[in-house]
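Source file: final-v9.pdb; contents: PDB, C-alpha atoms.
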MODEL        1
ATOM      1  CA  MET A  20      90.376  68.060 108.505
ATOM      2  CA  LEU A  21      91.227  69.473 105.076
ATOM      3  CA  SER A  22      92.769  72.566 106.696
ATOM      4  CA  ILE A  23      95.090  70.341 108.743
ATOM      5  CA  VAL A  24      96.078  68.353 105.661
ATOM      6  CA  VAL A  25      96.884  71.572 103.774
ATOM      7  CA  TRP A  26      98.683  73.163 106.737
ATOM      8  CA  ILE A  27     101.294  70.374 106.855
ATOM      9  CA  PRO A  28     102.667  70.861 103.288
ATOM     10  CA  ILE A  29     102.419  74.656 103.695
ATOM     11  CA  THR A  30     104.640  74.501 106.780
ATOM     12  CA  LEU A  31     107.086  72.061 105.189
ATOM     13  CA  ALA A  32     107.268  74.098 101.979
ATOM     14  CA  MET A  33     107.965  77.288 103.929
ATOM     15  CA  TYR A  34     110.749  75.822 106.072
ATOM     16  CA  THR A  35     112.415  73.845 103.269
ATOM     17  CA  GLY A  36     112.210  76.916 101.016
ATOM     18  CA  PHE A  37     114.087  79.018 103.580
ATOM     19  CA  ALA A  38     116.553  76.159 104.087
ATOM     20  CA  VAL A  39     117.300  76.113 100.353
ATOM     21  CA  LEU A  40     118.183  79.818 100.472
ATOM     22  CA  ILE A  41     120.548  79.287 103.408
ATOM     23  CA  VAL A  42     122.036  75.837 102.768
ATOM     24  CA  GLY A  43     121.916  75.724  98.963
ATOM     25  CA  PRO A  44     124.907  78.012  98.276
ATOM     26  CA  LEU A  45     127.003  76.213 100.918
ATOM     27  CA  VAL A  46     126.090  72.579 100.197
ATOM     28  CA  PRO A  47     124.552  72.349  96.697
ATOM     29  CA  PRO A  48     123.588  68.612  96.870
ATOM     30  CA  LEU A  49     121.693  69.209 100.127
ATOM     31  CA  GLY A  50     120.129  72.316  98.607
ATOM     32  CA  GLN A  51     118.852  70.245  95.652
ATOM     33  CA  LEU A  52     117.379  67.667  98.040
ATOM     34  CA  LEU A  53     115.626  70.350 100.070
ATOM     35  CA  GLY A  54     114.407  71.962  96.845
ATOM     36  CA  SER A  55     112.845  68.658  95.778
ATOM     37  CA  VAL A  56     111.058  68.398  99.133
ATOM     38  CA  CYS A  57     109.822  71.974  98.753
ATOM     39  CA  ASP A  58     108.551  71.266  95.210
ATOM     40  CA  ALA A  59     106.749  68.132  96.389
ATOM     41  CA  ASN A  60     104.964  70.064  99.127
ATOM     42  CA  LEU A  61     104.014  72.862  96.745
ATOM     43  CA  TRP A  62     102.506  70.238  94.447
ATOM     44  CA  ALA A  63     100.603  68.779  97.418
ATOM     45  CA  ILE A  64      99.229  72.233  98.246
ATOM     46  CA  GLU A  65      98.022  72.765  94.674
ATOM     47  CA  TYR A  66      96.457  69.277  94.654
ATOM     48  CA  CYS A  67      94.577  69.907  97.909
ATOM     49  CA  ILE A  68      93.324  73.268  96.652
ATOM     50  CA  ALA A  69      92.182  71.726  93.363
ATOM     51  CA  GLN A  70      90.281  68.989  95.230
ATOM     52  CA  GLY A  71      88.747  71.535  97.562
ATOM     53  CA  GLN A  72      87.419  73.530  94.607
ATOM     54  CA  ARG A  73      85.498  70.587  93.132
ATOM     55  CA  PRO A  74      82.329  70.683  95.311
ATOM     56  CA  TRP A  75      79.809  73.178  93.954
ATOM     57  CA  GLY A  76      79.329  76.365  95.949
ATOM     58  CA  ASN A  77      82.332  75.910  98.247
ATOM     59  CA  HIS A  78      83.914  79.212  97.198
ATOM     60  CA  VAL A  79      83.033  82.483  95.542
ATOM     61  CA  TRP A  80      85.065  85.118  93.713
ATOM     62  CA  SER A  81      84.929  88.670  94.988
ATOM     63  CA  PRO A  82      86.838  91.919  94.414
ATOM     64  CA  PRO A  83      89.799  92.574  96.722
ATOM     65  CA  PRO A  84      89.214  94.706  99.833
ATOM     66  CA  PRO A  85      90.539  98.297  99.955
ATOM     67  CA  TRP A  86      94.299  98.695 100.350
ATOM     68  CA  TRP A  87      93.938 100.241 103.821
ATOM     69  CA  TRP A  88      92.034  97.156 105.023
ATOM     70  CA  VAL A  89      95.000  94.966 104.014
ATOM     71  CA  ALA A  90      97.504  97.369 105.615
ATOM     72  CA  VAL A  91      95.624  97.437 108.934
ATOM     73  CA  PHE A  92      95.242  93.648 108.929
ATOM     74  CA  TYR A  93      98.975  92.977 108.512
ATOM     75  CA  THR A  94      99.921  95.717 110.984
ATOM     76  CA  VAL A  95      97.726  94.162 113.668
ATOM     77  CA  PHE A  96      98.928  90.663 112.749
ATOM     78  CA  LEU A  97     102.601  91.660 113.152
ATOM     79  CA  ALA A  98     101.842  93.377 116.433
ATOM     80  CA  TRP A  99     100.030  90.271 117.671
ATOM     81  CA  ALA A 100     102.946  88.032 116.593
ATOM     82  CA  PHE A 101     105.788  90.068 118.114
ATOM     83  CA  LEU A 102     104.118  91.769 121.072
ATOM     84  CA  PRO A 103     102.926  89.116 123.535
ATOM     85  CA  GLN A 104     101.063  91.684 125.629
ATOM     86  CA  TRP A 105      98.755  92.275 122.639
ATOM     87  CA  LYS A 106      97.596  88.673 122.636
ATOM     88  CA  SER A 107      94.060  88.437 123.953
ATOM     89  CA  ARG A 108      91.894  85.487 124.785
ATOM     90  CA  ARG A 109      91.249  83.120 121.880
ATOM     91  CA  PHE A 110      87.507  83.864 121.878
ATOM     92  CA  TRP A 111      87.973  87.605 121.494
ATOM     93  CA  GLY A 112      90.800  87.124 119.010
ATOM     94  CA  MET A 113      88.665  84.905 116.768
ATOM     95  CA  THR A 114      85.712  87.268 117.139
ATOM     96  CA  LEU A 115      87.844  90.223 116.052
ATOM     97  CA  LEU A 116      89.332  88.247 113.140
ATOM     98  CA  ILE A 117      85.929  87.099 111.861
ATOM     99  CA  SER A 118      84.502  90.611 112.203
ATOM    100  CA  TRP A 119      87.419  92.130 110.317
ATOM    101  CA  PHE A 120      87.107  89.638 107.450
ATOM    102  CA  ALA A 121      83.364  90.234 107.331
ATOM    103  CA  ALA A 122      84.051  93.984 107.072
ATOM    104  CA  GLY A 123      86.537  93.338 104.258
ATOM    105  CA  LEU A 124      84.013  91.194 102.382
ATOM    106  CA  PHE A 125      81.352  93.893 102.772
ATOM    107  CA  LEU A 126      83.674  96.656 101.555
ATOM    108  CA  SER A 127      84.788  94.615  98.535
ATOM    109  CA  THR A 128      81.314  93.510  97.412
ATOM    110  CA  SER A 129      79.168  96.503  98.300
ATOM    111  CA  PRO A 130      78.749  99.349  95.790
ATOM    112  CA  LEU A 131      80.153 101.913  98.243
ATOM    113  CA  PRO A 132      83.880 101.662  97.232
ATOM    114  CA  ASN A 133      82.941 101.922  93.562
ATOM    115  CA  LEU A 134      80.674 104.943  93.645
ATOM    116  CA  GLY A 135      81.473 107.171  90.682
ATOM    117  CA  THR A 136      83.920 104.762  89.042
ATOM    118  CA  ASN A 137      81.688 104.351  86.004
ATOM    119  CA  GLU A 138      80.617 107.972  85.703
ATOM    120  CA  GLN A 139      81.944 108.894  82.297
ATOM    121  CA  ALA A 140      80.839 110.577  79.138
ATOM    122  CA  GLY A 141      80.901 108.714  75.858
ATOM    123  CA  LEU A 142      83.020 105.696  75.036
ATOM    124  CA  ARG A 143      85.895 104.322  77.116
ATOM    125  CA  CYS A 144      88.221 101.807  75.472
ATOM    126  CA  THR A 145      90.919 100.243  77.697
ATOM    127  CA  PHE A 146      93.707  98.033  76.348
ATOM    128  CA  VAL A 147      94.644  95.635  79.164
ATOM    129  CA  ALA A 148      98.355  94.891  79.682
ATOM    130  CA  VAL A 149      98.276  91.084  79.566
ATOM    131  CA  GLY A 150     101.667  90.563  77.925
ATOM    132  CA  HIS A 151     101.770  88.596  74.667
ATOM    133  CA  GLY A 152      98.028  88.450  74.158
ATOM    134  CA  THR A 153      95.002  90.673  73.716
ATOM    135  CA  SER A 154      92.201  92.025  75.854
ATOM    136  CA  VAL A 155      90.256  95.242  75.311
ATOM    137  CA  LEU A 156      87.484  96.495  77.589
ATOM    138  CA  VAL A 157      84.866  98.724  75.957
ATOM    139  CA  GLU A 158      82.505 100.717  78.218
ATOM    140  CA  THR A 159      79.657 103.061  77.391
ATOM    141  CA  SER A 160      78.230 105.980  79.317
ATOM    142  CA  ASP A 161      75.017 104.082  80.106
ATOM    143  CA  GLY A 162      76.860 101.221  81.849
ATOM    144  CA  ARG A 163      77.068  98.719  78.998
ATOM    145  CA  ASN A 164      80.339  96.892  78.326
ATOM    146  CA  LEU A 165      82.051  94.518  75.920
ATOM    147  CA  LEU A 166      85.293  92.570  76.337
ATOM    148  CA  TYR A 167      87.185  91.944  73.095
ATOM    149  CA  ASP A 168      89.410  88.888  73.619
ATOM    150  CA  ALA A 169      90.820  87.683  76.915
ATOM    151  CA  GLY A 170      94.054  85.729  76.815
ATOM    152  CA  LYS A 171      97.814  85.624  76.727
ATOM    153  CA  LEU A 172     100.632  83.303  75.716
ATOM    154  CA  GLY A 173     101.337  81.008  78.658
ATOM    155  CA  SER A 174      99.336  80.616  81.844
ATOM    156  CA  PRO A 175      95.681  81.721  81.617
ATOM    157  CA  VAL A 176      95.952  83.075  85.153
ATOM    158  CA  GLY A 177      98.441  85.668  83.891
ATOM    159  CA  ALA A 178      95.692  87.168  81.734
ATOM    160  CA  ALA A 179      92.729  86.616  84.071
ATOM    161  CA  ARG A 180      94.343  88.539  86.935
ATOM    162  CA  PRO A 181      94.962  91.899  85.200
ATOM    163  CA  ILE A 182      91.587  91.687  83.448
ATOM    164  CA  SER A 183      89.833  90.973  86.753
ATOM    165  CA  ALA A 184      91.748  93.758  88.481
ATOM    166  CA  LEU A 185      90.562  96.220  85.843
ATOM    167  CA  LEU A 186      86.954  95.033  85.993
ATOM    168  CA  TRP A 187      86.812  95.173  89.773
ATOM    169  CA  SER A 188      88.444  98.620  89.837
ATOM    170  CA  ARG A 189      85.623  99.818  87.563
ATOM    171  CA  GLY A 190      82.952  98.183  89.698
ATOM    172  CA  ILE A 191      82.046  95.720  86.924
ATOM    173  CA  THR A 192      80.603  92.396  88.085
ATOM    174  CA  ARG A 193      78.798  91.512  84.844
ATOM    175  CA  LEU A 194      80.092  91.453  81.283
ATOM    176  CA  ASP A 195      77.387  92.058  78.703
ATOM    177  CA  SER A 196      79.385  90.483  75.867
ATOM    178  CA  ILE A 197      82.710  88.724  75.355
ATOM    179  CA  VAL A 198      83.968  88.745  71.769
ATOM    180  CA  ILE A 199      86.509  86.020  70.940
ATOM    181  CA  SER A 200      88.257  87.058  67.754
ATOM    182  CA  HIS A 201      89.611  83.633  66.723
ATOM    183  CA  ALA A 202      90.819  80.242  67.904
ATOM    184  CA  ASP A 203      94.298  81.147  69.201
ATOM    185  CA  ALA A 204      94.754  80.522  72.938
ATOM    186  CA  ASP A 205      96.483  83.866  73.549
ATOM    187  CA  HIS A 206      93.150  85.496  72.681
ATOM    188  CA  PHE A 207      90.764  83.355  74.745
ATOM    189  CA  ASN A 208      92.483  81.204  77.397
ATOM    190  CA  ALA A 209      91.395  83.530  80.245
ATOM    191  CA  VAL A 210      87.700  83.186  79.332
ATOM    192  CA  PRO A 211      87.097  79.995  81.420
ATOM    193  CA  ASP A 212      88.495  81.762  84.486
ATOM    194  CA  LEU A 213      86.380  84.865  83.845
ATOM    195  CA  LEU A 214      83.246  82.732  83.505
ATOM    196  CA  GLN A 215      83.829  81.565  87.084
ATOM    197  CA  ARG A 216      84.222  85.095  88.419
ATOM    198  CA  TYR A 217      81.636  87.107  86.498
ATOM    199  CA  GLN A 218      78.182  86.905  85.048
ATOM    200  CA  VAL A 219      78.368  86.986  81.254
ATOM    201  CA  GLY A 220      75.445  87.897  79.005
ATOM    202  CA  GLU A 221      76.701  86.309  75.782
ATOM    203  CA  ILE A 222      79.803  85.162  73.940
ATOM    204  CA  LEU A 223      80.255  86.280  70.326
ATOM    205  CA  VAL A 224      82.373  84.193  67.943
ATOM    206  CA  SER A 225      82.924  83.695  64.217
ATOM    207  CA  PRO A 226      81.436  80.655  62.441
ATOM    208  CA  PHE A 227      84.936  79.143  62.358
ATOM    209  CA  MET A 228      85.794  79.458  66.058
ATOM    210  CA  PHE A 229      85.063  75.856  67.055
ATOM    211  CA  GLU A 230      86.096  74.086  63.850
ATOM    212  CA  ARG A 231      89.349  72.885  65.473
ATOM    213  CA  LEU A 232      88.020  70.984  68.485
ATOM    214  CA  ASP A 233      91.035  68.690  68.178
ATOM    215  CA  GLN A 234      93.031  71.491  69.798
ATOM    216  CA  PRO A 235      92.954  70.951  73.611
ATOM    217  CA  ALA A 236      92.588  74.663  74.440
ATOM    218  CA  VAL A 237      89.638  75.079  72.063
ATOM    219  CA  ARG A 238      87.994  71.924  73.385
ATOM    220  CA  THR A 239      88.425  73.105  76.990
ATOM    221  CA  LEU A 240      86.906  76.482  76.132
ATOM    222  CA  LYS A 241      83.913  74.841  74.437
ATOM    223  CA  ASP A 242      83.322  72.510  77.385
ATOM    224  CA  VAL A 243      83.494  75.336  79.946
ATOM    225  CA  ILE A 244      81.120  77.517  77.931
ATOM    226  CA  ASP A 245      78.653  74.638  77.572
ATOM    227  CA  LYS A 246      78.841  73.938  81.305
ATOM    228  CA  SER A 247      78.306  77.605  82.212
ATOM    229  CA  GLN A 248      75.273  77.754  79.863
ATOM    230  CA  VAL A 249      76.261  81.193  78.585
ATOM    231  CA  PRO A 250      74.619  81.832  75.190
ATOM    232  CA  VAL A 251      77.003  81.719  72.201
ATOM    233  CA  ARG A 252      76.139  83.804  69.143
ATOM    234  CA  THR A 253      77.830  83.606  65.749
ATOM    235  CA  ILE A 254      78.570  86.896  64.002
ATOM    236  CA  THR A 255      80.017  87.735  60.587
ATOM    237  CA  SER A 256      80.639  90.734  58.359
ATOM    238  CA  SER A 257      76.912  90.965  57.663
ATOM    239  CA  ASP A 258      76.146  91.917  61.292
ATOM    240  CA  ARG A 259      75.924  95.192  63.182
ATOM    241  CA  LEU A 260      75.493  95.413  66.942
ATOM    242  CA  GLN A 261      74.367  98.205  69.233
ATOM    243  CA  LEU A 262      76.312  98.669  72.456
ATOM    244  CA  GLY A 263      74.240 100.890  74.679
ATOM    245  CA  ASP A 264      72.393 103.865  73.263
ATOM    246  CA  ASP A 265      75.108 105.502  71.231
ATOM    247  CA  VAL A 266      77.900 103.061  70.343
ATOM    248  CA  ASP A 267      77.631 101.233  67.026
ATOM    249  CA  VAL A 268      79.579  97.992  66.576
ATOM    250  CA  GLU A 269      80.200  96.931  62.979
ATOM    251  CA  ILE A 270      81.686  93.540  62.071
ATOM    252  CA  LEU A 271      83.993  93.903  59.042
ATOM    253  CA  HIS A 272      85.323  90.329  58.825
ATOM    254  CA  PRO A 273      85.048  87.384  58.278
ATOM    255  CA  THR A 274      82.364  86.812  55.681
ATOM    256  CA  PRO A 275      79.915  83.937  56.270
ATOM    257  CA  GLN A 276      81.779  81.927  53.614
ATOM    258  CA  GLY A 277      85.208  82.584  55.138
ATOM    259  CA  VAL A 278      88.539  82.515  53.344
ATOM    260  CA  ILE A 279      91.177  79.888  52.678
ATOM    261  CA  GLY A 280      93.726  80.384  55.422
ATOM    262  CA  SER A 281      94.637  79.979  59.086
ATOM    263  CA  ASP A 282      92.613  80.874  62.178
ATOM    264  CA  ASN A 283      94.273  84.299  62.059
ATOM    265  CA  ALA A 284      92.798  84.964  58.617
ATOM    266  CA  HIS A 285      89.324  84.428  60.107
ATOM    267  CA  SER A 286      89.762  86.916  62.965
ATOM    268  CA  LEU A 287      86.692  88.919  63.899
ATOM    269  CA  VAL A 288      87.409  92.524  62.909
ATOM    270  CA  VAL A 289      85.341  94.941  64.983
ATOM    271  CA  LEU A 290      84.811  98.632  64.237
ATOM    272  CA  LEU A 291      83.508 100.738  67.142
ATOM    273  CA  GLN A 292      81.834 104.041  66.259
ATOM    274  CA  TYR A 293      80.801 106.780  68.643
ATOM    275  CA  ALA A 294      80.110 110.456  67.933
ATOM    276  CA  GLY A 295      82.100 110.376  64.692
ATOM    277  CA  ARG A 296      85.077 108.625  66.339
ATOM    278  CA  LYS A 297      86.168 105.143  65.275
ATOM    279  CA  VAL A 298      88.225 102.389  66.941
ATOM    280  CA  LEU A 299      89.354  99.329  64.965
ATOM    281  CA  LEU A 300      90.037  95.983  66.676
ATOM    282  CA  PRO A 301      91.363  93.445  64.111
ATOM    283  CA  GLY A 302      92.533  90.500  66.274
ATOM    284  CA  ASP A 303      95.321  88.562  64.546
ATOM    285  CA  LEU A 304      94.104  89.334  61.042
ATOM    286  CA  GLU A 305      96.542  88.349  58.291
ATOM    287  CA  SER A 306      96.367  87.361  54.620
ATOM    288  CA  PRO A 307      94.243  86.306  52.871
ATOM    289  CA  GLY A 308      91.692  87.723  55.308
ATOM    290  CA  LEU A 309      93.693  90.944  55.566
ATOM    291  CA  ASP A 310      93.661  91.337  51.785
ATOM    292  CA  HIS A 311      89.896  90.931  51.801
ATOM    293  CA  VAL A 312      89.473  93.756  54.335
ATOM    294  CA  LEU A 313      91.991  96.058  52.620
ATOM    295  CA  ALA A 314      90.153  95.594  49.318
ATOM    296  CA  GLU A 315      87.259  97.590  50.772
ATOM    297  CA  LEU A 316      87.187 101.376  50.933
ATOM    298  CA  PRO A 317      89.698 102.890  53.418
ATOM    299  CA  ILE A 318      88.355 103.615  56.907
ATOM    300  CA  ASP A 319      89.325 106.816  58.670
ATOM    301  CA  CYS A 320      89.967 105.571  62.228
ATOM    302  CA  ASP A 321      91.064 107.442  65.318
ATOM    303  CA  ILE A 322      92.542 104.382  67.061
ATOM    304  CA  VAL A 323      93.770 101.171  65.400
ATOM    305  CA  MET A 324      95.085  98.134  67.242
ATOM    306  CA  THR A 325      97.724  96.669  64.944
ATOM    307  CA  PRO A 326      96.784  93.181  63.737
ATOM    308  CA  HIS A 327      98.623  90.131  65.092
ATOM    309  CA  HIS A 328     100.539  92.128  67.707
ATOM    310  CA  GLY A 329     102.329  94.090  64.972
ATOM    311  CA  SER A 330     103.651  90.987  63.216
ATOM    312  CA  LYS A 331     105.194  91.421  59.752
ATOM    313  CA  ARG A 332     102.584  88.989  58.416
ATOM    314  CA  SER A 333      99.916  91.524  59.366
ATOM    315  CA  ASP A 334     101.551  94.116  57.077
ATOM    316  CA  PRO A 335     101.352  96.965  59.627
ATOM    317  CA  ARG A 336     102.625  99.563  57.136
ATOM    318  CA  GLY A 337     100.089  98.571  54.506
ATOM    319  CA  THR A 338      97.270  98.247  57.011
ATOM    320  CA  VAL A 339      97.709 101.592  58.729
ATOM    321  CA  ARG A 340      98.528 104.718  56.769
ATOM    322  CA  LEU A 341      99.077 107.550  59.190
ATOM    323  CA  GLU A 342      98.040 111.025  58.124
ATOM    324  CA  PRO A 343      98.064 114.279  60.099
ATOM    325  CA  HIS A 344      94.743 115.004  61.766
ATOM    326  CA  THR A 345      93.783 118.482  62.859
ATOM    327  CA  GLU A 346      90.603 119.909  64.286
ATOM    328  CA  SER A 347      89.264 123.345  63.578
ATOM    329  CA  ASN A 348      87.702 125.429  66.333
ATOM    330  CA  SER A 349      85.866 127.644  63.886
TER
ENDMDL
END

With the file now loaded, output its structure as structure tokens.
Amino acid sequence: MLSIVVWIPITLAMYTGFAVLIVGPLVPPLGQLLGSVCDANLWAIEYCIAQGQRPWGNHVWSPPPPWWWVAVFYTVFLAWAFLPQWKSRRFWGMTLLISWFAAGLFLSTSPLPNLGTNEQAGLRCTFVAVGHGTSVLVETSDGRNLLYDAGKLGSPVGAARPISALLWSRGITRLDSIVISHADADHFNAVPDLLQRYQVGEILVSPFMFERLDQPAVRTLKDVIDKSQVPVRTITSSDRLQLGDDVDVEILHPTPQGVIGSDNAHSLVVLLQYAGRKVLLPGDLESPGLDHVLAELPIDCDIVMTPHHGSKRSDPRGTVRLEPHTESNS
């Protein structure tokens, strides 16, 4: 019954959408009317999908099937649509369709397509292109992983999709840790979506992460985390973590007492160390928190993510002093 209810607005949205493209330039008032009908049907589709997602266990997230599976599916579908002689009896057609989707589900969820994807030596640090936001995937040679931030300015889906695509391409179905640097939505608004798609071992936050529960995005995040029952651990500059056998994770900021300033000033600053190499992830750190970190001894890093997306308030020139680095083979 639900499929019939959804099929009606899908059909209407498709036909009115094409009508807008054809009629709109010729008769603008009629094009606006058709556009309104199309918008209404798109809203109805989203509403039906949202209602269908409410019952527990009615859907699961899985990696996408291989590209060749999709290509073969659409090739056969087009042939079936435009070549009547290809149309078989409904029973055999449905049997073939169900078998093909079952094969796609098996290929996407089995370990076979991902063999060798995680075979690497040392530390792999991937900066995900989410737009105006931050997400960094850290992987170790023994299969451990950590996700530093997961969000972007705007729709959370815009961040969840590229992050999920990266995780699935690496064969990752479980995140050992998610670090949320601070309480700005462009650093965490994809986390609720990721909690639906992946198993998560723990979520690491600063003591100041949930101080602003009056902010709707922070409240939503807290509610989703509580509902998912994923453990939340508070970390500060007094903590050191071990990621796998050979990657040391040092927390440089904030202190347990914090500083007087915005959420940005309380960003979790993470220093990754492996085999003498160092990667610095500072979130949106800015003064006075930035001044507190810069007051310590300089850190010789190999890779530094500029604080606050390179904002002037993060003092990128004062934070990062580039010096030539050479290696001797002797």

Inset, instruction - Counting all atoms listed in the file, figure out which residue out of A:Val198, A:Ala32, A:Leu45, A:Leu40 gets nearest to Trp62 (chain A). - result: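 Smallest separation from Trp62 (chain A) among the options: A:Ala32.
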
Legend entry - d(CA of Gly170 (chain A), CA of Phe146 (chain A)) in Å: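 Calculated distance between CA of Gly170 (chain A) and CA of Phe146 (chain A) is 12.3 Å.
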
Inset, instruction - Skip Gly123 (chain A) itself and residues of its chain fewer than 6 positions away, then list as a ChimeraX atom specification all residues within 8 Å of it, counting all atoms listed in the file. - result: /A:84-85,88

Legend entry - For CA of Gln276 (chain A) and CA of Pro226 (chain A), the interatomic separation in Å (one decimal):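 Between CA of Gln276 (chain A) and CA of Pro226 (chain A) the gap works out to 8.9 Å.
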
Inset, instruction - Identify which of the residues A:Val147, A:Leu61, A:Leu49, A:Val237 lies closest to Thr30 (chain A), counting all atoms listed in the file when measuring atom-to-atom distances. - result: A:Leu61

Inset, instruction - Could you check which of A:Thr192, A:Thr239, A:Asn164, A:Asn283 is closest to Val268 (chain A), using only C-alpha atoms? - result: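 Result for the nearest residue to Val268 (chain A): A:Asn164.
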
Inset, instruction - Step by step, work through what the PyMOL selection byres ((chain A and resi 300-317) around 6) selects in the shown file, and finish by giving those residues as a list in words. - result: Ser200, Asn283, Ala284, Ser286, Val288, Val289, Leu299, Ile318, Met324, Pro326, His327 and Ser333 of chain A

Legend entry - Pairwise distance for CA of Asp242 (chain A) and CA of Ser196 (chain A), rounded to one decimal in Å: 18.5 Å

Legend entry - Which residue of A:Leu287, A:Leu260, A:Val251, A:Met113 approaches Asp168 (chain A) most closely, using only C-alpha atoms: A:Leu287

Inset, instruction - Give the answer as one residue: which of A:Ile222, A:Val249, A:Asp205, A:Thr255 has the shortest atom-to-atom distance to Ala236 (chain A), using only C-alpha atoms? - result: A:Asp205

Inset, instruction - Find the residues near region 35-37 of chain A: any atom within 9 Å, counting all atoms listed in the file, skip ones fewer than 6 places away on the same chain, and give them as a list of chain:residue names. - result: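 Once the nearby chain positions are removed, what remains is A:Leu53, A:Gly54, A:Val56, A:Cys57, A:Asp58.
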
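The residues caught by the PyMOL selection byres ((chain A and resi 230) around 12) in this file are A:His201, A:Ala202, A:Val224, A:Ser225, A:Pro226, A:Phe227, A:Met228, A:Phe229, A:Arg231, A:Leu232, A:Asp233, A:Gln234, A:Val237, A:Arg238, A:Lys241, A:Ser281, A:Asp282, A:His285.
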